[in-house]
>>> print(open('input.txt').read())   # compact mmCIF, C-alpha atoms
# COMPACT_ATOMS: atom_id res chain seq x y z
CA MET A 1 21.41 -36.41 -28.45
CA ARG A 2 20.63 -35.51 -31.95
CA THR A 3 19.51 -38.07 -34.53
CA LEU A 4 22.83 -37.37 -36.46
CA ARG A 5 23.19 -37.95 -32.20
CA ALA A 6 30.61 -62.68 -27.28
CA CYS A 7 33.78 -63.87 -26.31
CA LEU A 8 35.87 -62.31 -23.59
CA GLY A 9 38.75 -60.10 -24.50
CA ALA A 10 42.28 -60.93 -23.47
CA ALA A 11 42.41 -61.53 -19.73
CA ALA A 12 45.75 -59.89 -19.19
CA ALA A 13 46.36 -57.28 -16.53
CA VAL A 14 46.75 -53.89 -18.20
CA ALA A 15 48.32 -50.91 -16.47
CA LEU A 16 47.38 -47.42 -17.64
CA ALA A 17 50.26 -45.08 -18.18
CA ALA A 18 48.05 -42.01 -17.82
CA ALA A 19 48.39 -40.08 -14.60
CA GLY A 20 45.33 -40.06 -12.41
CA THR A 21 43.87 -43.32 -13.69
CA THR A 22 43.44 -46.62 -11.91
CA ALA A 23 44.88 -49.76 -13.42
CA LEU A 24 42.74 -52.32 -15.17
CA VAL A 25 43.03 -55.91 -14.02
CA THR A 26 41.94 -59.19 -15.53
CA THR A 27 38.40 -59.56 -16.77
CA ASP A 28 35.89 -61.52 -14.70
CA ALA A 29 33.48 -64.15 -15.97
CA SER A 30 31.09 -61.56 -17.44
CA GLY A 31 33.83 -59.71 -19.30
CA ALA A 32 33.87 -56.80 -16.88
CA THR A 33 37.05 -55.14 -15.73
CA THR A 34 37.78 -53.04 -12.73
CA ALA A 35 36.80 -49.49 -13.44
CA LEU A 36 38.85 -46.79 -15.05
CA SER A 37 39.05 -43.56 -13.10
CA ASN A 38 35.83 -41.56 -13.27
CA ARG A 39 37.64 -38.93 -15.30
CA TRP A 40 37.80 -41.32 -18.26
CA TYR A 41 34.05 -42.01 -18.14
CA ALA A 42 33.52 -38.25 -17.87
CA ALA A 43 35.61 -37.78 -21.02
CA ALA A 44 34.08 -40.62 -23.05
CA PRO A 45 32.71 -39.38 -26.41
CA TYR A 46 29.59 -40.94 -27.90
CA LEU A 47 29.92 -43.80 -30.37
CA MET A 48 27.07 -45.54 -32.18
CA PRO A 49 28.37 -49.12 -32.45
CA LEU A 50 25.63 -50.36 -34.81
CA ASP A 51 24.71 -47.33 -36.94
CA ASN A 52 26.20 -44.35 -38.82
CA ASP A 53 29.15 -46.26 -40.29
CA PRO A 54 30.77 -47.16 -36.94
CA PRO A 55 34.48 -46.38 -36.83
CA ASP A 56 37.05 -48.83 -35.50
CA ALA A 57 37.31 -48.16 -31.75
CA ALA A 58 40.74 -49.81 -31.57
CA ALA A 59 42.07 -47.52 -34.30
CA ILE A 60 40.80 -44.47 -32.43
CA MET A 61 42.50 -45.67 -29.25
CA ASP A 62 45.80 -46.17 -31.07
CA ALA A 63 45.65 -42.79 -32.79
CA THR A 64 44.53 -40.65 -29.85
CA GLY A 65 45.16 -42.45 -26.56
CA LEU A 66 41.42 -42.48 -25.85
CA LYS A 67 40.44 -45.10 -23.26
CA ALA A 68 36.66 -44.80 -22.85
CA PHE A 69 33.63 -44.75 -25.16
CA GLN A 70 30.00 -43.75 -24.55
CA LEU A 71 27.98 -46.33 -26.51
CA ALA A 72 24.57 -45.15 -27.76
CA PHE A 73 21.62 -45.76 -27.45
CA VAL A 74 19.61 -48.22 -25.37
CA LEU A 75 15.85 -47.86 -25.98
CA ALA A 76 12.61 -49.72 -25.43
CA PRO A 77 11.67 -52.22 -28.17
CA ASN A 78 10.03 -50.55 -31.17
CA GLY A 79 7.03 -52.82 -30.71
CA GLY A 80 6.66 -51.87 -27.06
CA GLY A 81 7.70 -53.53 -23.83
CA CYS A 82 10.08 -53.05 -20.92
CA SER A 83 13.25 -54.80 -22.09
CA PRO A 84 16.44 -53.06 -23.24
CA THR A 85 17.42 -52.96 -26.90
CA TRP A 86 20.01 -51.20 -28.99
CA GLY A 87 18.18 -48.59 -31.04
CA GLY A 88 14.81 -50.22 -30.45
CA THR A 89 15.62 -53.23 -32.62
CA ALA A 90 18.51 -55.34 -31.23
CA PRO A 91 17.78 -56.95 -27.83
CA VAL A 92 20.58 -56.61 -25.30
CA SER A 93 19.81 -60.14 -24.11
CA SER A 94 20.96 -61.69 -27.40
CA ASP A 95 23.55 -59.12 -28.44
CA THR A 96 26.93 -60.16 -29.79
CA ALA A 97 27.80 -57.19 -32.02
CA VAL A 98 28.10 -54.56 -29.29
CA ARG A 99 29.72 -57.13 -27.00
CA SER A 100 32.43 -57.57 -29.62
CA VAL A 101 33.15 -53.82 -29.61
CA ILE A 102 33.30 -53.79 -25.80
CA ASP A 103 35.64 -56.78 -25.71
CA THR A 104 37.95 -55.09 -28.23
CA VAL A 105 38.08 -51.90 -26.18
CA ARG A 106 38.70 -53.75 -22.91
CA ALA A 107 41.38 -55.96 -24.43
CA LYS A 108 43.29 -52.76 -25.24
CA GLY A 109 43.02 -51.43 -21.69
CA GLY A 110 39.90 -49.32 -22.12
CA ASP A 111 36.27 -49.47 -21.07
CA VAL A 112 32.81 -48.26 -22.04
CA SER A 113 29.80 -46.52 -20.61
CA VAL A 114 26.34 -47.03 -22.10
CA SER A 115 23.95 -44.19 -22.88
CA ILE A 116 20.23 -44.72 -22.60
CA GLY A 117 17.67 -42.51 -24.28
CA GLY A 118 18.80 -39.95 -26.83
CA TYR A 119 16.78 -37.77 -29.19
CA GLY A 120 13.68 -39.49 -30.58
CA GLY A 121 12.78 -43.13 -30.20
CA THR A 122 10.82 -44.72 -27.36
CA LYS A 123 12.54 -44.75 -23.99
CA LEU A 124 12.15 -47.40 -21.31
CA GLY A 125 10.90 -44.73 -18.91
CA GLN A 126 7.93 -44.33 -21.23
CA THR A 127 7.04 -48.02 -21.46
CA CYS A 128 7.99 -49.52 -18.10
CA ALA A 129 5.37 -49.45 -15.35
CA ASP A 130 7.36 -47.58 -12.73
CA ALA A 131 10.85 -46.63 -11.58
CA SER A 132 11.57 -50.12 -10.22
CA ALA A 133 10.66 -51.80 -13.50
CA THR A 134 12.69 -49.22 -15.42
CA ALA A 135 15.68 -49.81 -13.17
CA ALA A 136 15.35 -53.58 -13.61
CA ALA A 137 15.55 -53.16 -17.39
CA TYR A 138 18.66 -51.01 -17.12
CA GLN A 139 20.19 -53.39 -14.59
CA GLN A 140 20.10 -56.03 -17.32
CA VAL A 141 22.39 -53.77 -19.39
CA ILE A 142 24.76 -53.16 -16.48
CA THR A 143 24.93 -56.85 -15.63
CA THR A 144 25.23 -58.08 -19.22
CA TYR A 145 28.20 -55.86 -19.99
CA GLY A 146 29.69 -55.51 -16.50
CA LEU A 147 29.34 -51.72 -16.65
CA HIS A 148 30.93 -49.21 -14.31
CA ALA A 149 29.26 -46.16 -15.89
CA ILE A 150 25.91 -45.26 -17.43
CA ASP A 151 24.46 -42.12 -19.01
CA PHE A 152 20.81 -41.03 -18.90
CA ASP A 153 20.26 -38.91 -22.02
CA LEU A 154 16.91 -37.31 -21.20
CA GLU A 155 15.51 -35.19 -24.01
CA GLU A 156 12.86 -35.12 -26.75
CA PRO A 157 10.23 -36.40 -26.58
CA GLU A 158 10.66 -38.18 -23.26
CA TYR A 159 11.52 -35.23 -21.09
CA GLU A 160 8.15 -33.66 -21.86
CA ASN A 161 6.52 -36.68 -20.18
CA THR A 162 6.37 -36.15 -16.42
CA ALA A 163 5.73 -39.81 -15.61
CA ALA A 164 8.55 -40.99 -17.88
CA ILE A 165 11.04 -38.61 -16.29
CA ARG A 166 9.91 -39.71 -12.84
CA ASN A 167 10.62 -43.30 -13.89
CA GLU A 168 14.04 -42.44 -15.35
CA ILE A 169 15.23 -40.40 -12.37
CA GLY A 170 13.86 -43.01 -9.99
CA ALA A 171 15.63 -45.74 -11.94
CA ALA A 172 18.90 -43.80 -11.90
CA LYS A 173 18.68 -43.48 -8.13
CA ILE A 174 17.99 -47.22 -7.71
CA LEU A 175 20.91 -48.15 -9.97
CA GLN A 176 23.21 -45.81 -8.09
CA GLN A 177 22.21 -47.45 -4.80
CA ASN A 178 22.40 -51.03 -6.07
CA ASN A 179 25.71 -50.66 -7.95
CA PRO A 180 28.19 -49.01 -5.57
CA GLY A 181 30.69 -46.87 -7.42
CA LEU A 182 28.59 -46.67 -10.61
CA TYR A 183 29.38 -43.45 -12.48
CA VAL A 184 26.06 -41.84 -13.47
CA SER A 185 25.70 -38.87 -15.82
CA VAL A 186 22.45 -37.18 -16.81
CA THR A 187 22.44 -35.35 -20.15
CA THR A 188 19.76 -32.96 -21.35
CA ALA A 189 19.15 -30.15 -23.84
CA GLY A 190 21.01 -26.85 -23.59
CA THR A 191 19.71 -23.33 -24.20
CA ALA A 192 21.28 -19.90 -24.01
CA ASP A 193 19.85 -19.65 -20.48
CA GLY A 194 21.43 -22.99 -19.54
CA THR A 195 18.57 -25.38 -20.09
CA GLY A 196 14.91 -24.99 -20.94
CA TRP A 197 11.71 -25.49 -18.97
CA PHE A 198 11.69 -29.26 -19.33
CA GLY A 199 15.34 -29.50 -18.31
CA LYS A 200 14.59 -27.47 -15.21
CA GLN A 201 11.62 -29.71 -14.38
CA MET A 202 13.93 -32.72 -14.68
CA LEU A 203 16.32 -31.13 -12.17
CA LEU A 204 13.43 -30.47 -9.79
CA GLU A 205 12.38 -34.11 -10.11
CA ALA A 206 15.91 -35.18 -9.17
CA LYS A 207 15.84 -32.85 -6.19
CA SER A 208 12.45 -34.16 -5.03
CA GLN A 209 13.74 -37.75 -5.17
CA GLY A 210 16.99 -36.89 -3.41
CA PHE A 211 19.04 -38.04 -6.39
CA THR A 212 22.45 -36.57 -7.16
CA PRO A 213 24.36 -38.06 -10.12
CA ASN A 214 28.03 -37.49 -10.80
CA ASN A 215 26.92 -34.70 -13.14
CA PHE A 216 24.13 -33.03 -15.01
CA SER A 217 25.35 -32.23 -18.53
CA ILE A 218 23.82 -29.87 -21.08
CA MET A 219 24.14 -29.95 -24.86
CA PRO A 220 24.66 -26.34 -25.98
CA PHE A 221 23.94 -26.76 -29.68
CA ASP A 222 20.87 -26.83 -31.94
CA GLY A 223 19.47 -23.88 -30.04
CA GLY A 224 20.73 -20.73 -31.74
CA PHE A 225 24.34 -21.13 -30.60
CA SER A 226 27.25 -19.60 -32.44
CA GLY A 227 30.67 -20.89 -31.46
CA SER A 228 32.29 -21.41 -28.09
CA ALA A 229 31.46 -18.03 -26.52
CA SER A 230 27.75 -18.83 -26.62
CA GLN A 231 28.44 -22.29 -25.21
CA THR A 232 30.52 -21.13 -22.26
CA ALA A 233 27.88 -18.49 -21.51
CA ALA A 234 25.25 -21.25 -21.41
CA LEU A 235 27.45 -23.32 -19.09
CA THR A 236 27.78 -20.32 -16.76
CA ASN A 237 24.01 -19.88 -16.75
CA PHE A 238 23.46 -23.57 -16.15
CA ASN A 239 25.79 -23.39 -13.17
CA SER A 240 23.49 -20.75 -11.66
CA ILE A 241 20.50 -23.04 -12.25
CA LEU A 242 22.24 -25.89 -10.43
CA GLN A 243 23.07 -23.57 -7.54
CA SER A 244 19.51 -22.30 -7.16
CA THR A 245 17.92 -25.74 -7.61
CA PHE A 246 20.08 -27.74 -5.23
CA GLY A 247 21.38 -25.05 -2.90
CA TRP A 248 24.97 -25.67 -3.95
CA ASP A 249 27.71 -23.08 -3.96
CA GLN A 250 29.35 -22.26 -7.29
CA ALA A 251 32.25 -24.70 -6.91
CA THR A 252 29.97 -27.59 -5.93
CA ALA A 253 27.70 -26.84 -8.88
CA TYR A 254 30.66 -26.90 -11.30
CA ALA A 255 31.82 -30.19 -9.76
CA HIS A 256 28.41 -31.63 -10.78
CA GLU A 257 28.22 -29.97 -14.20
CA GLY A 258 29.05 -31.35 -17.62
CA PHE A 259 29.33 -30.32 -21.28
CA SER A 260 28.18 -32.41 -24.23
CA GLY A 261 28.97 -30.77 -27.56
CA MET A 262 28.47 -31.56 -31.23
CA ASN A 263 31.58 -31.54 -33.38
CA GLY A 264 31.47 -29.74 -36.70
CA ARG A 265 28.10 -28.84 -38.20
CA SER A 266 25.07 -29.27 -35.95
CA ASP A 267 21.59 -30.33 -37.05
CA SER A 268 20.49 -26.70 -37.20
CA GLY A 269 23.51 -25.58 -39.25
CA GLU A 270 25.70 -24.19 -36.44
CA TYR A 271 29.43 -24.82 -36.75
CA PHE A 272 31.77 -25.82 -33.91
CA SER A 273 35.43 -26.03 -34.86
CA GLN A 274 38.46 -27.50 -33.13
CA ALA A 275 39.19 -24.01 -31.77
CA ASP A 276 35.71 -23.90 -30.22
CA PHE A 277 36.31 -27.24 -28.55
CA GLN A 278 39.61 -26.00 -27.15
CA THR A 279 37.93 -22.93 -25.67
CA VAL A 280 35.19 -24.97 -24.01
CA LEU A 281 37.77 -27.51 -22.79
CA ASP A 282 39.76 -24.69 -21.17
CA TYR A 283 36.57 -23.42 -19.54
CA ALA A 284 35.63 -26.89 -18.28
CA THR A 285 39.03 -27.61 -16.80
CA SER A 286 39.55 -24.17 -15.26
CA HIS A 287 36.12 -24.40 -13.56
CA HIS A 288 36.75 -27.99 -12.46
CA MET A 289 33.69 -29.31 -14.29
CA ASP A 290 32.96 -33.00 -14.04
CA ARG A 291 32.36 -33.94 -17.68
CA PHE A 292 33.41 -33.06 -21.24
CA THR A 293 32.03 -35.18 -24.07
CA PHE A 294 30.65 -34.82 -27.59
CA TRP A 295 28.39 -36.28 -30.26
CA SER A 296 29.98 -38.17 -31.90
CA LEU A 297 32.98 -40.27 -32.86
CA ASN A 298 31.03 -41.49 -35.89
CA ARG A 299 31.22 -37.86 -37.07
CA ASP A 300 34.86 -37.27 -36.08
CA ARG A 301 36.26 -37.46 -39.61
CA GLN A 302 36.22 -35.19 -42.62
CA CYS A 303 33.47 -35.42 -45.19
CA THR A 304 34.22 -36.27 -48.79
CA PRO A 305 32.29 -35.00 -51.81
CA ALA A 306 30.43 -38.31 -51.79
CA ASP A 307 29.38 -37.58 -48.17
CA ASN A 308 27.92 -34.24 -49.33
CA GLY A 309 30.28 -32.30 -47.07
CA GLY A 310 28.73 -28.99 -46.10
CA ARG A 311 25.51 -30.37 -44.66
CA THR A 312 24.93 -32.17 -41.38
CA SER A 313 25.91 -35.82 -41.50
CA GLY A 314 25.87 -38.70 -39.06
CA THR A 315 29.18 -40.00 -40.40
CA CYS A 316 31.40 -36.90 -40.81
CA SER A 317 31.74 -33.40 -39.38
CA SER A 318 31.47 -31.07 -42.41
CA VAL A 319 34.52 -29.11 -41.22
CA ALA A 320 38.17 -29.40 -42.23
CA GLN A 321 39.83 -31.92 -39.94
CA ASN A 322 42.07 -34.92 -39.52
CA SER A 323 40.35 -38.08 -38.38
CA TRP A 324 39.72 -38.06 -34.62
CA ASP A 325 40.71 -34.42 -34.08
CA PHE A 326 37.83 -33.91 -31.67
CA ALA A 327 38.54 -37.10 -29.72
CA ARG A 328 41.85 -35.57 -28.72
CA TYR A 329 40.05 -32.95 -26.63
CA SER A 330 38.38 -35.75 -24.69
CA VAL A 331 41.78 -37.32 -24.06
CA GLN A 332 43.09 -34.00 -22.78
CA PHE A 333 40.10 -33.64 -20.43
CA ALA A 334 41.01 -37.04 -18.99
CA GLY A 335 44.41 -35.57 -18.14
CA VAL A 336 46.45 -37.26 -20.85
CA THR A 337 48.52 -35.81 -23.69
CA PRO A 338 47.43 -37.29 -27.05
CA PRO A 339 50.09 -38.65 -29.41
CA THR A 340 51.67 -36.04 -31.68
CA THR A 341 50.37 -35.86 -35.23
CA THR A 342 51.67 -33.87 -38.16
CA PRO A 343 48.99 -33.90 -40.90
CA THR A 344 47.27 -30.62 -41.74
CA PRO A 345 43.55 -30.79 -42.45
CA THR A 346 42.69 -30.35 -46.09
CA PRO A 347 39.99 -27.82 -46.99
CA THR A 348 36.43 -28.97 -46.61
CA PRO A 349 35.30 -30.24 -50.02
CA THR A 350 32.91 -28.04 -51.95
CA PRO A 351 29.54 -29.77 -51.87
CA THR A 352 28.18 -31.07 -55.13
CA PRO A 353 25.20 -28.89 -56.14
CA THR A 354 22.03 -30.56 -54.97
CA SER A 355 18.75 -30.48 -56.85
CA CYS A 356 15.61 -29.60 -54.91
CA LYS A 357 13.24 -32.36 -53.89
CA THR A 358 9.51 -32.10 -54.44
CA ALA A 359 8.18 -29.03 -52.66
CA TRP A 360 6.83 -29.53 -49.16
CA SER A 361 3.04 -29.67 -48.89
CA ALA A 362 1.04 -28.88 -45.77
CA THR A 363 -1.48 -31.58 -46.64
CA ALA A 364 0.96 -34.39 -47.45
CA VAL A 365 1.88 -37.05 -44.88
CA TYR A 366 5.61 -37.65 -44.47
CA VAL A 367 7.23 -40.59 -42.71
CA LYS A 368 10.81 -41.07 -41.49
CA ASP A 369 13.43 -40.38 -44.21
CA ASP A 370 10.94 -38.81 -46.65
CA GLU A 371 12.44 -35.72 -48.29
CA ALA A 372 10.97 -32.40 -49.42
CA SER A 373 12.21 -28.93 -50.35
CA TYR A 374 11.21 -25.75 -48.54
CA GLY A 375 12.72 -22.28 -48.38
CA GLY A 376 15.55 -23.13 -50.79
CA HIS A 377 16.70 -26.13 -48.71
CA ASN A 378 16.10 -29.86 -48.85
CA TRP A 379 14.72 -31.44 -45.67
CA LYS A 380 14.46 -35.02 -44.40
CA ALA A 381 11.69 -36.18 -42.05
CA LYS A 382 12.87 -37.57 -38.71
CA TRP A 383 9.51 -39.18 -38.01
CA TRP A 384 5.85 -39.09 -39.14
CA THR A 385 4.65 -35.54 -39.72
CA GLN A 386 1.92 -33.56 -41.42
CA ASN A 387 1.41 -29.78 -41.65
CA GLU A 388 4.62 -28.99 -39.72
CA ALA A 389 6.69 -26.66 -41.88
CA PRO A 390 10.39 -27.49 -42.15
CA GLY A 391 12.51 -25.24 -39.97
CA ALA A 392 9.55 -23.89 -38.00
CA SER A 393 10.97 -25.30 -34.77
CA GLU A 394 14.48 -26.30 -33.78
CA TRP A 395 12.95 -29.39 -32.11
CA GLY A 396 10.71 -30.12 -35.07
CA PRO A 397 10.43 -33.22 -37.26
CA TRP A 398 12.64 -31.99 -40.10
CA LEU A 399 16.41 -32.28 -40.60
CA ASP A 400 17.99 -29.58 -42.78
CA GLU A 401 19.99 -31.26 -45.56
CA GLY A 402 21.35 -28.00 -46.92
CA ALA A 403 20.68 -25.56 -49.74
CA CYS A 404 19.38 -26.82 -53.06
>>> encode(input="input.txt", output="structure tokens")
Amino acid sequence: MRTLRACLGAAAAVALAAAGTTALVTTDASGATTALSNRWYAAAPYLMPLDNDPPDAAAIMDATGLKAFQLAFVLAPNGGGCSPTWGGTAPVSSDTAVRSVIDTVRAKGGDVSVSIGGYGGTKLGQTCADASATAAAYQQVITTYGLHAIDFDLEEPEYENTAAIRNEIGAAKILQQNNPGLYVSVTTAGTADGTGWFGKQMLLEAKSQGFTPNNFSIMPFDGGFSGSASQTAALTNFNSILQSTFGWDQATAYAHEGFSGMNGRSDSGEYFSQADFQTVLDYATSHHMDRFTFWSLNRDRQCTPADNGGRTSGTCSSVAQNSWDFARYSVQFAGVTPPTTTPTPTPTPTPTPTSCKTAWSATAVYVKDDEASYGGHNWKAKWWTQNEAPGASEWGPWLDEGAC
């Protein structure tokens, strides 16, 4: 997913009014509940609970009817090691902040999945000795929060590391075996052809280990996409890849396929509107796909001039919208009709003209969050870089901050 991817709650039995869901019952000693239906975990949009100005999960639930959230991201510690942390800095073992979010969601009749990996950062598959050690680290997350669902977000730079992917896929298989009923999704990069070489190698690794998750999801954005037509074409192509890799027929492949979009303006300047989401939702439901999610709820609100609307942001979408417009498509995928709303989105604010930063230099060393101008745009470094021109690669170290 792009870079711009306690105490117990009330122990009352909560029945879900939505058709096709199972009822939640009282929490157990660890704060876990009985699971929602898998369709809710399949529809859960990503939420960063500790970064990017986290929105109020309870308010989103009240406004949209959403029941499930995909919390992101669990990583290895920044200093190294094989223990789970939130974002590389907050150990799961001593966490109270994310626990508070989970308790709030469960007290209102919802639940969470946890996503591990994401774009950038150090993944546990890279630092743990083998698949068993990797699985043991992730089991701590499952046990700590009483999880019924988990997402393996396998992308840059981890999915270029054969040993790391072997550890991650092996860990996913172990967790699936040791936690009966655990909903497991695997998310990876999308391309016009479905997924790229590394994504295909990941699928082959899963096949070689005899591992089949609930779904393999692609992210058709940040790769030269333009609206929903290009996304549905990529999903069709990915279906063919799943068929040829696993020997599935078309229907079986769709039943193990998922979509993970990016609402509004992507990192590479693509735009995906509410109408695009509706088109992809219609495609996903008509083909009986297993998953429909997006990055992210932190971005599911309109930018203001102070947010510099019109460039990619981690906290707003840069398109005209009401708050939580995109979450409503997730609710619909779960088979529920969102509450009726009447507001009309106001036009996207005109961005305040931005002055150009110091010109990029091939000899300068840039570290995370350093800024430079190049080609009439300002750019922000995602990590340490030198002599890598901004915009030279869609997977490169630079984030486009817009024209200057």
>>> atom_distance(input="input.txt", atom1="atom CA of Ile165 of chain A", atom2="atom CA of Gly87 of chain A")
19.2 Å
>>> atom_distance(input="input.txt", atom1="atom CA of Ala189 of chain A", atom2="atom CA of Pro390 of chain A")
20.5 Å
>>> atom_distance(input="input.txt", atom1="atom CA of Ala255 of chain A", atom2="atom CA of Asp267 of chain A")
29.1 Å
>>> residues_near_point(input="input.txt", point="(36.3, -25.3, -35.5)", cutoff="12 Å", atoms="only C-alpha atoms", output="number ranges by chain")
A: 226-228, 262-266, 270-280, 317-322, 325-326, 345, 348
>>> write_last_selection(input="input.txt", atoms="C-alpha atoms", output="PDB file, in the frame of the given file")
ATOM      1  CA  SER A 226      27.250 -19.600 -32.440  1.00  0.00           C
ATOM      2  CA  GLY A 227      30.670 -20.890 -31.460  1.00  0.00           C
ATOM      3  CA  SER A 228      32.290 -21.410 -28.090  1.00  0.00           C
ATOM      4  CA  MET A 262      28.470 -31.560 -31.230  1.00  0.00           C
ATOM      5  CA  ASN A 263      31.580 -31.540 -33.380  1.00  0.00           C
ATOM      6  CA  GLY A 264      31.470 -29.740 -36.700  1.00  0.00           C
ATOM      7  CA  ARG A 265      28.100 -28.840 -38.200  1.00  0.00           C
ATOM      8  CA  SER A 266      25.070 -29.270 -35.950  1.00  0.00           C
ATOM      9  CA  GLU A 270      25.700 -24.190 -36.440  1.00  0.00           C
ATOM     10  CA  TYR A 271      29.430 -24.820 -36.750  1.00  0.00           C
ATOM     11  CA  PHE A 272      31.770 -25.820 -33.910  1.00  0.00           C
ATOM     12  CA  SER A 273      35.430 -26.030 -34.860  1.00  0.00           C
ATOM     13  CA  GLN A 274      38.460 -27.500 -33.130  1.00  0.00           C
ATOM     14  CA  ALA A 275      39.190 -24.010 -31.770  1.00  0.00           C
ATOM     15  CA  ASP A 276      35.710 -23.900 -30.220  1.00  0.00           C
ATOM     16  CA  PHE A 277      36.310 -27.240 -28.550  1.00  0.00           C
ATOM     17  CA  GLN A 278      39.610 -26.000 -27.150  1.00  0.00           C
ATOM     18  CA  THR A 279      37.930 -22.930 -25.670  1.00  0.00           C
ATOM     19  CA  VAL A 280      35.190 -24.970 -24.010  1.00  0.00           C
ATOM     20  CA  SER A 317      31.740 -33.400 -39.380  1.00  0.00           C
ATOM     21  CA  SER A 318      31.470 -31.070 -42.410  1.00  0.00           C
ATOM     22  CA  VAL A 319      34.520 -29.110 -41.220  1.00  0.00           C
ATOM     23  CA  ALA A 320      38.170 -29.400 -42.230  1.00  0.00           C
ATOM     24  CA  GLN A 321      39.830 -31.920 -39.940  1.00  0.00           C
ATOM     25  CA  ASN A 322      42.070 -34.920 -39.520  1.00  0.00           C
ATOM     26  CA  ASP A 325      40.710 -34.420 -34.080  1.00  0.00           C
ATOM     27  CA  PHE A 326      37.830 -33.910 -31.670  1.00  0.00           C
ATOM     28  CA  PRO A 345      43.550 -30.790 -42.450  1.00  0.00           C
ATOM     29  CA  THR A 348      36.430 -28.970 -46.610  1.00  0.00           C
TER      30      THR A 348
END
>>> closest_atom_pairs(input="input.txt", of="segment 239-334 of chain A", to="segment 60-76 of chain A", cutoff="8 Å", atoms="only C-alpha atoms", output="Markdown table")
| residue | atom | partner | partner_atom | distance |
| --- | --- | --- | --- | --- |
| A:Trp324 | CA | A:Ile60 | CA | 6.9 |
| A:Ala327 | CA | A:Thr64 | CA | 7.0 |
| A:Arg328 | CA | A:Thr64 | CA | 5.9 |
| A:Ser330 | CA | A:Leu66 | CA | 7.5 |
| A:Val331 | CA | A:Leu66 | CA | 5.5 |
>>> closest_residue(input="input.txt", among="A:Gly314, A:Gly396, A:Gly81, A:Pro339", to="Asp51 of chain A", atoms="all atoms listed in the file")
A:Gly314
>>> closest_residue(input="input.txt", among="A:Lys173, A:His256, A:Arg99, A:Arg299", to="Pro45 of chain A", atoms="all atoms listed in the file")
A:Arg299
>>> residues_around(input="input.txt", residues="Gln332 of chain A", least_positions_apart="6", cutoff="9 Å", atoms="only C-alpha atoms", output="PyMOL selection string")
chain A and resi 43+281+338
>>> closest_residue(input="input.txt", among="A:Tyr145, A:Leu399, A:Phe333, A:Val105", to="Asp56 of chain A", atoms="only C-alpha atoms")
A:Val105
>>> build_atoms(input="input.txt", residues="segment 299-310 of chain A", atoms="N, CA and C atoms", output="PDB file, in the frame of the given file")
ATOM      1  N   ARG A 299      31.124 -39.084 -36.284  1.00  0.00           N
ATOM      2  CA  ARG A 299      31.220 -37.860 -37.070  1.00  0.00           C
ATOM      3  C   ARG A 299      32.626 -37.249 -37.034  1.00  0.00           C
ATOM      4  N   ASP A 300      33.551 -37.868 -36.296  1.00  0.00           N
ATOM      5  CA  ASP A 300      34.860 -37.270 -36.080  1.00  0.00           C
ATOM      6  C   ASP A 300      35.835 -37.604 -37.211  1.00  0.00           C
ATOM      7  N   ARG A 301      35.444 -37.252 -38.414  1.00  0.00           N
ATOM      8  CA  ARG A 301      36.260 -37.460 -39.610  1.00  0.00           C
ATOM      9  C   ARG A 301      35.743 -36.507 -40.677  1.00  0.00           C
ATOM     10  N   GLN A 302      36.591 -36.190 -41.622  1.00  0.00           N
ATOM     11  CA  GLN A 302      36.220 -35.190 -42.620  1.00  0.00           C
ATOM     12  C   GLN A 302      35.309 -35.791 -43.678  1.00  0.00           C
ATOM     13  N   CYS A 303      34.360 -34.988 -44.123  1.00  0.00           N
ATOM     14  CA  CYS A 303      33.470 -35.420 -45.190  1.00  0.00           C
ATOM     15  C   CYS A 303      34.223 -35.445 -46.524  1.00  0.00           C
ATOM     16  N   THR A 304      33.748 -36.254 -47.418  1.00  0.00           N
ATOM     17  CA  THR A 304      34.220 -36.270 -48.790  1.00  0.00           C
ATOM     18  C   THR A 304      33.090 -35.766 -49.678  1.00  0.00           C
ATOM     19  N   PRO A 305      33.386 -35.429 -50.936  1.00  0.00           N
ATOM     20  CA  PRO A 305      32.290 -35.000 -51.810  1.00  0.00           C
ATOM     21  C   PRO A 305      31.141 -35.999 -51.860  1.00  0.00           C
ATOM     22  N   ALA A 306      31.481 -37.286 -51.772  1.00  0.00           N
ATOM     23  CA  ALA A 306      30.430 -38.310 -51.790  1.00  0.00           C
ATOM     24  C   ALA A 306      29.561 -38.244 -50.534  1.00  0.00           C
ATOM     25  N   ASP A 307      30.148 -37.722 -49.417  1.00  0.00           N
ATOM     26  CA  ASP A 307      29.380 -37.580 -48.170  1.00  0.00           C
ATOM     27  C   ASP A 307      28.509 -36.330 -48.191  1.00  0.00           C
ATOM     28  N   ASN A 308      28.611 -35.525 -49.277  1.00  0.00           N
ATOM     29  CA  ASN A 308      27.920 -34.240 -49.330  1.00  0.00           C
ATOM     30  C   ASN A 308      28.396 -33.325 -48.218  1.00  0.00           C
ATOM     31  N   GLY A 309      29.725 -33.202 -48.066  1.00  0.00           N
ATOM     32  CA  GLY A 309      30.280 -32.300 -47.070  1.00  0.00           C
ATOM     33  C   GLY A 309      29.672 -30.920 -47.208  1.00  0.00           C
ATOM     34  N   GLY A 310      29.373 -30.283 -46.089  1.00  0.00           N
ATOM     35  CA  GLY A 310      28.730 -28.990 -46.100  1.00  0.00           C
ATOM     36  C   GLY A 310      27.310 -29.040 -45.596  1.00  0.00           C
TER      37      GLY A 310
END
